[in-house]
Amino acid sequence: MPDGLPSRAGLGLKAEHYRAAVEAEAEGLWFEVHPENYMVAGGPRLAWLEAARARRPLSFHGVGASLAGPDDLDADHLARLKALIARFEPQQVSEHVAWSAAGGAYYADLFPLPYTLEALAHLVARVDAFQSAIGRCILIENPSAYVALRSDMDEVTFLTETCARAGCGLLLDVNNVYISANNMGFDAAAYLDSVPADLVGEIHIAGHNADPALGPRMLIDTHAAPVVDPVWALYERLVARLGPRPTLLERDAALPAFPELMRERARADAVLVPRVEAA
Amino acid sequence: MALADFHAAFRAAASGRDEARLHAFLRGDEAGVRVYRNNVVRAIADSLGSSYPAVRRLVGDNWFDAAAAAYLRQTPPRARSLVGYGEEFPEFIEELATGSLPWLGAVARLDRAWLEAHIAEDAAPLTVADFAYADAIQSTRCALHPSARIIVSQWAVHAVWAANRSDHEDAHTPREVRREREACLVWRYEHEVRHRVLSAGEAAFLRAIEPGADLGGASERAQDADGDVAQIFAGALAAGVLIGEGKT
């Protein structure tokens, strides 16, 4: 297994930017992809990912495992994921605290779960099974919340317990915390301050949009806009406390030109670099 | 309350069947349930839109999104990767558009062929050099490249399809589509998907290639269709649509 990701700023690798991304000169740059987009037999996607991996560290950020779901882990999905891990040897593998499949149907979204003791035991068992199946420790990502569910514990307690019992780490998505805090009415800074520093293996930052019908009281995790200033402030506060962590700028829709994404990525890198040098 | 009940209740609410069962699990209002439901439909419409770009450009986003939502209800994805989702979408929209754009299904089949060519297995094509020492082309065993798709349509849609794969401003305007049999080859050469209209002889030749069989049968089919076999074979080799299959 290769060493981990550098504690620098990475970028989601998009097909629209393959050539520019592979040829980019920026120091410390790394890439993240959804492995589901590479579950193909051949062709240019895999070739570009190989070219990217030859030059840069790589992270697999899965969206299809349905770790919190009712169905058994999908054997076909696991086999495809294992084959991609063997071929590309990513520095890190992560997934979501969410579910997306039931009764054999795949929902292509990240559904929530209540933070109950039963849900905790369920998620722990499945993270454990997933890690065993792929032969790698993973990071699990905190979700964006759009409904408030009756729970036995708060989200940070639920995530911390899951990591402790399943032996996984946390991918802390600052934008998701900001969105959930807005939608559910809690304090994002207090949430971030309460996350145990040693669990956090990676940070995500991204942009969001207000729901077209409900307006700013319901923010949606679209990855279709630049990171907003309050999320930058939360990110700087988090890094000041944790120290530098691999940080991914996510952008999946309404893509700007590559240089513009790299400028936004450089802003995150500028938060990290002084602390990497101090360490 | 049991997690299994929550899963069932949320699933019913997120697919728009029944929101009432979810209320027992909610601490606040149910307004956000619609967000998850919209996200699912949006993800599917975006996925189908990227797989069927010419169809989307021709019908517009609103019509396309409605068709995608209806397709989702009928044929939800089962694989955890959406890359190949929408295999039956051409037949679905052909039926939907039968009165207005009867050739839309033919356009969709070309979009589908483009996608399949793009993600097909890699394989080194045969070249002229592979035949330098062959006694007879007729006895050579070949197969079509894994990316090659031969799409035969009752409408001559290739020009409209090709124009609407691109981002030109005027590409939306459908040119006249003749009701006329047309065969197209869509394939990948190195990392680029290519496509062109086939002559009757070329179509007959390529469609008659059976993995493991020699080219004798395919050559006869091409001659039956008044094709120049030597020229067709040279063209197929140059295009890189043939791969070796076994030894001659």
# chains A, B, ... in the order shown; residues from 1 in each chain; ligands from 1
call {"tool": "residues_around", "arguments": {"residues": "Val152 in chain B", "least_positions_apart": "3", "cutoff": "9 Å", "atoms": "only C-alpha atoms", "output": "mmCIF file with N, CA and C atoms, in the first residue's frame"}}
result
data_model
loop_
_atom_site.group_PDB
_atom_site.id
_atom_site.type_symbol
_atom_site.label_atom_id
_atom_site.label_comp_id
_atom_site.auth_asym_id
_atom_site.auth_seq_id
_atom_site.Cartn_x
_atom_site.Cartn_y
_atom_site.Cartn_z
ATOM 1 N N ALA B 106 -33.642 6.593 -33.257
ATOM 2 C CA ALA B 106 -32.455 6.303 -34.073
ATOM 3 C C ALA B 106 -31.278 7.174 -33.640
ATOM 4 N N TRP B 155 -34.111 5.473 -40.558
ATOM 5 C CA TRP B 155 -34.061 6.914 -40.800
ATOM 6 C C TRP B 155 -32.605 7.320 -41.008
ATOM 7 N N ARG B 181 -33.145 3.856 -45.199
ATOM 8 C CA ARG B 181 -32.257 2.963 -44.459
ATOM 9 C C ARG B 181 -30.823 3.514 -44.459
ATOM 10 N N GLU B 182 -30.205 3.515 -43.273
ATOM 11 C CA GLU B 182 -28.843 4.025 -43.159
ATOM 12 C C GLU B 182 -28.090 3.171 -42.136
ATOM 13 N N ALA B 183 -26.901 2.742 -42.522
ATOM 14 C CA ALA B 183 -26.064 1.975 -41.590
ATOM 15 C C ALA B 183 -24.872 2.836 -41.193
ATOM 16 N N CYS B 184 -24.608 2.888 -39.891
ATOM 17 C CA CYS B 184 -23.474 3.674 -39.391
ATOM 18 C C CYS B 184 -22.533 2.779 -38.611
ATOM 19 N N LEU B 185 -21.265 3.096 -38.710
ATOM 20 C CA LEU B 185 -20.252 2.451 -37.877
ATOM 21 C C LEU B 185 -19.781 3.467 -36.842
ATOM 22 N N ALA B 203 -21.440 -2.376 -44.866
ATOM 23 C CA ALA B 203 -22.313 -2.834 -43.787
ATOM 24 C C ALA B 203 -22.476 -4.343 -43.846
#
call {"tool": "interface_residues", "arguments": {"of": "chain B", "to": "chain A", "cutoff": "6 Å", "atoms": "only C-alpha atoms", "output": "PyMOL selection string"}}
result
chain B and resi 25-28+32+40+77-78+80-81+118-122+191
call {"tool": "select_by_dssp", "arguments": {"residues": "range 125-242 of chain A", "states": "helix (DSSP H, G or I)", "output": "PyMOL selection string"}}
result
chain A and resi 125-134+155-166+174-184+188-193+197-199+229-242
call {"tool": "closest_residue", "arguments": {"among": "B:Leu58, B:Ala70, B:Val157, B:Ala204", "to": "Val41 in chain B", "atoms": "only C-alpha atoms"}}
result
B:Ala70
call {"tool": "residues_around", "arguments": {"residues": "Ser147 in chain B", "least_positions_apart": "5", "cutoff": "6 Å", "atoms": "only C-alpha atoms", "output": "PyMOL selection string"}}
result
chain B and resi 117+120+187-188
call {"tool": "write_last_selection", "arguments": {"atoms": "N, CA and C atoms", "output": "PDB file, in the first residue's frame"}}
result
ATOM      1  N   ALA B 117     -18.798   2.604 -27.363  1.00  0.00           N
ATOM      2  CA  ALA B 117     -17.479   2.610 -28.008  1.00  0.00           C
ATOM      3  C   ALA B 117     -16.447   3.272 -27.089  1.00  0.00           C
ATOM      4  N   ALA B 120     -15.556   0.775 -24.144  1.00  0.00           N
ATOM      5  CA  ALA B 120     -15.303  -0.637 -24.458  1.00  0.00           C
ATOM      6  C   ALA B 120     -13.852  -1.011 -24.149  1.00  0.00           C
ATOM      7  N   TRP B 187     -17.010   3.569 -33.700  1.00  0.00           N
ATOM      8  CA  TRP B 187     -15.921   2.775 -33.111  1.00  0.00           C
ATOM      9  C   TRP B 187     -14.887   3.696 -32.501  1.00  0.00           C
ATOM     10  N   ARG B 188     -13.965   3.117 -31.772  1.00  0.00           N
ATOM     11  CA  ARG B 188     -12.916   3.911 -31.136  1.00  0.00           C
ATOM     12  C   ARG B 188     -11.587   3.574 -31.786  1.00  0.00           C
TER      13      ARG B 188
END
call {"tool": "closest_atom_pairs", "arguments": {"of": "range 205-231 of chain A", "to": "range 256-262 of chain A", "cutoff": "12 Å", "atoms": "only C-alpha atoms", "output": "CSV"}}
result
residue,atom,partner,partner_atom,distance
A:Ala206,CA,A:Leu261,CA,11.2
A:Gly207,CA,A:Leu261,CA,12.0
A:His223,CA,A:Pro256,CA,11.7
A:Ala224,CA,A:Pro256,CA,9.5
A:Ala225,CA,A:Pro256,CA,9.0
A:Pro226,CA,A:Leu261,CA,8.7
A:Val227,CA,A:Leu261,CA,10.6
call {"tool": "write_last_selection", "arguments": {"atoms": "C-alpha atoms", "output": "PDB file, in the first residue's frame"}}
result
ATOM      1  CA  ALA A 206     -16.931  22.774  -1.780  1.00  0.00           C
ATOM      2  CA  GLY A 207     -19.644  25.165  -2.852  1.00  0.00           C
ATOM      3  CA  HIS A 223     -20.581  21.212  -5.750  1.00  0.00           C
ATOM      4  CA  ALA A 224     -21.679  23.620  -8.453  1.00  0.00           C
ATOM      5  CA  ALA A 225     -20.316  26.910  -7.082  1.00  0.00           C
ATOM      6  CA  PRO A 226     -17.155  28.371  -5.525  1.00  0.00           C
ATOM      7  CA  VAL A 227     -16.512  27.839  -1.795  1.00  0.00           C
TER       8      VAL A 227
END
call {"tool": "residues_around", "arguments": {"residues": "range 156-169 of chain A", "least_positions_apart": "2", "cutoff": "6 Å", "atoms": "only C-alpha atoms", "output": "MDAnalysis selection string"}}
result
chainID A and resid 124 128 137:139 154 199
call {"tool": "write_last_selection", "arguments": {"atoms": "N, CA and C atoms", "output": "PDB file, in the first residue's frame"}}
result
ATOM      1  N   VAL A 124     -21.173   0.224  11.844  1.00  0.00           N
ATOM      2  CA  VAL A 124     -19.865  -0.305  12.249  1.00  0.00           C
ATOM      3  C   VAL A 124     -19.614  -1.659  11.582  1.00  0.00           C
ATOM      4  N   ASP A 128     -16.737  -2.326   8.719  1.00  0.00           N
ATOM      5  CA  ASP A 128     -15.789  -3.416   8.971  1.00  0.00           C
ATOM      6  C   ASP A 128     -15.777  -4.406   7.794  1.00  0.00           C
ATOM      7  N   CYS A 137      -8.053   0.252   5.031  1.00  0.00           N
ATOM      8  CA  CYS A 137      -8.785   1.100   5.969  1.00  0.00           C
ATOM      9  C   CYS A 137      -9.332   2.288   5.180  1.00  0.00           C
ATOM     10  N   ILE A 138     -10.506   2.734   5.568  1.00  0.00           N
ATOM     11  CA  ILE A 138     -11.115   3.840   4.827  1.00  0.00           C
ATOM     12  C   ILE A 138     -11.366   5.041   5.734  1.00  0.00           C
ATOM     13  N   LEU A 139     -11.734   6.146   5.092  1.00  0.00           N
ATOM     14  CA  LEU A 139     -12.266   7.306   5.798  1.00  0.00           C
ATOM     15  C   LEU A 139     -13.754   7.376   5.464  1.00  0.00           C
ATOM     16  N   ASP A 154     -25.700  12.940  19.027  1.00  0.00           N
ATOM     17  CA  ASP A 154     -25.438  13.918  17.970  1.00  0.00           C
ATOM     18  C   ASP A 154     -24.500  13.311  16.921  1.00  0.00           C
ATOM     19  N   LEU A 199      -8.760  11.766  14.428  1.00  0.00           N
ATOM     20  CA  LEU A 199      -9.597  10.968  13.522  1.00  0.00           C
ATOM     21  C   LEU A 199      -9.589  11.490  12.098  1.00  0.00           C
TER      22      LEU A 199
END
call {"tool": "closest_residue", "arguments": {"among": "A:Val276, A:Val239, A:Ala21, A:Ala26", "to": "Arg53 in chain A", "atoms": "only C-alpha atoms"}}
result
A:Ala21
call {"tool": "decode", "arguments": {"residues": "range 9-45 of chain A", "atoms": "N, CA and C atoms", "output": "CSV table (one decimal), in the first residue's frame"}}
result
chain,number,residue,atom,x,y,z
A,9,ALA,N,-3.3,20.7,-0.9
A,9,ALA,CA,-4.6,20.8,-1.5
A,9,ALA,C,-4.7,20.0,-2.8
A,10,GLY,N,-5.7,19.2,-2.9
A,10,GLY,CA,-6.0,18.4,-4.1
A,10,GLY,C,-7.2,18.9,-4.8
A,11,LEU,N,-7.5,18.3,-6.0
A,11,LEU,CA,-8.6,18.7,-6.8
A,11,LEU,C,-9.3,17.5,-7.3
A,12,GLY,N,-10.7,17.6,-7.4
A,12,GLY,CA,-11.4,16.5,-8.1
A,12,GLY,C,-11.0,16.4,-9.6
A,13,LEU,N,-10.7,15.3,-10.1
A,13,LEU,CA,-10.3,15.1,-11.5
A,13,LEU,C,-11.5,15.0,-12.3
A,14,LYS,N,-11.7,15.9,-13.2
A,14,LYS,CA,-12.9,15.9,-14.1
A,14,LYS,C,-12.5,15.6,-15.5
A,15,ALA,N,-13.4,14.9,-16.2
A,15,ALA,CA,-13.1,14.5,-17.6
A,15,ALA,C,-12.8,15.8,-18.5
A,16,GLU,N,-13.6,16.9,-18.2
A,16,GLU,CA,-13.4,18.1,-19.0
A,16,GLU,C,-12.0,18.7,-18.9
A,17,HIS,N,-11.3,18.3,-17.8
A,17,HIS,CA,-10.0,19.0,-17.5
A,17,HIS,C,-8.8,18.0,-17.6
A,18,TYR,N,-9.1,16.8,-18.1
A,18,TYR,CA,-8.0,15.8,-18.0
A,18,TYR,C,-6.7,16.3,-18.4
A,19,ARG,N,-6.6,16.8,-19.6
A,19,ARG,CA,-5.2,17.2,-20.1
A,19,ARG,C,-4.6,18.2,-19.3
A,20,ALA,N,-5.4,19.3,-19.0
A,20,ALA,CA,-4.8,20.4,-18.2
A,20,ALA,C,-4.4,19.9,-16.8
A,21,ALA,N,-5.2,19.0,-16.2
A,21,ALA,CA,-4.9,18.5,-14.9
A,21,ALA,C,-3.6,17.7,-14.9
A,22,VAL,N,-3.5,16.8,-15.8
A,22,VAL,CA,-2.4,15.9,-15.9
A,22,VAL,C,-1.1,16.7,-16.1
A,23,GLU,N,-1.2,17.8,-16.9
A,23,GLU,CA,0.0,18.6,-17.3
A,23,GLU,C,0.3,19.7,-16.3
A,24,ALA,N,-0.6,19.9,-15.2
A,24,ALA,CA,-0.4,21.0,-14.3
A,24,ALA,C,0.9,20.8,-13.5
A,25,GLU,N,1.5,21.9,-13.2
A,25,GLU,CA,2.8,21.9,-12.6
A,25,GLU,C,2.8,22.1,-11.1
A,26,ALA,N,1.6,22.5,-10.6
A,26,ALA,CA,1.5,22.9,-9.2
A,26,ALA,C,2.1,21.9,-8.2
A,27,GLU,N,2.9,22.5,-7.3
A,27,GLU,CA,3.5,21.6,-6.3
A,27,GLU,C,2.5,21.1,-5.3
A,28,GLY,N,2.6,19.9,-4.9
A,28,GLY,CA,1.7,19.3,-3.8
A,28,GLY,C,0.3,18.9,-4.3
A,29,LEU,N,0.0,19.1,-5.6
A,29,LEU,CA,-1.3,18.8,-6.2
A,29,LEU,C,-1.5,17.3,-6.1
A,30,TRP,N,-2.8,16.9,-5.8
A,30,TRP,CA,-3.2,15.5,-5.9
A,30,TRP,C,-4.6,15.5,-6.4
A,31,PHE,N,-5.1,14.3,-6.8
A,31,PHE,CA,-6.4,14.2,-7.4
A,31,PHE,C,-7.3,13.2,-6.6
A,32,GLU,N,-8.6,13.5,-6.7
A,32,GLU,CA,-9.6,12.5,-6.2
A,32,GLU,C,-10.6,12.3,-7.3
A,33,VAL,N,-11.1,11.0,-7.3
A,33,VAL,CA,-12.1,10.6,-8.3
A,33,VAL,C,-13.1,9.7,-7.6
A,34,HIS,N,-14.3,9.7,-8.2
A,34,HIS,CA,-15.3,8.7,-7.8
A,34,HIS,C,-14.9,7.4,-8.5
A,35,PRO,N,-14.6,6.3,-7.8
A,35,PRO,CA,-14.2,5.1,-8.6
A,35,PRO,C,-15.3,4.6,-9.5
A,36,GLU,N,-16.6,4.9,-9.1
A,36,GLU,CA,-17.7,4.4,-9.9
A,36,GLU,C,-17.6,4.9,-11.3
A,37,ASN,N,-17.0,6.1,-11.5
A,37,ASN,CA,-16.9,6.6,-12.9
A,37,ASN,C,-15.9,5.9,-13.7
A,38,TYR,N,-15.1,5.0,-13.1
A,38,TYR,CA,-14.0,4.3,-13.8
A,38,TYR,C,-14.3,2.8,-13.9
A,39,MET,N,-15.5,2.4,-13.6
A,39,MET,CA,-15.9,1.0,-13.6
A,39,MET,C,-16.3,0.7,-15.0
A,40,VAL,N,-15.4,0.8,-15.9
A,40,VAL,CA,-15.6,0.6,-17.4
A,40,VAL,C,-14.5,-0.4,-17.9
A,41,ALA,N,-14.8,-1.0,-19.0
A,41,ALA,CA,-13.9,-2.0,-19.5
A,41,ALA,C,-12.5,-1.5,-20.1
A,42,GLY,N,-12.6,-0.3,-20.7
A,42,GLY,CA,-11.4,0.2,-21.3
A,42,GLY,C,-11.6,1.7,-21.7
A,43,GLY,N,-10.7,2.2,-22.6
A,43,GLY,CA,-10.9,3.5,-23.2
A,43,GLY,C,-10.2,4.6,-22.5
A,44,PRO,N,-10.5,5.8,-23.0
A,44,PRO,CA,-9.7,7.0,-22.5
A,44,PRO,C,-9.8,7.3,-21.1
A,45,ARG,N,-11.0,7.1,-20.4
A,45,ARG,CA,-11.1,7.4,-19.0
A,45,ARG,C,-10.0,6.8,-18.2
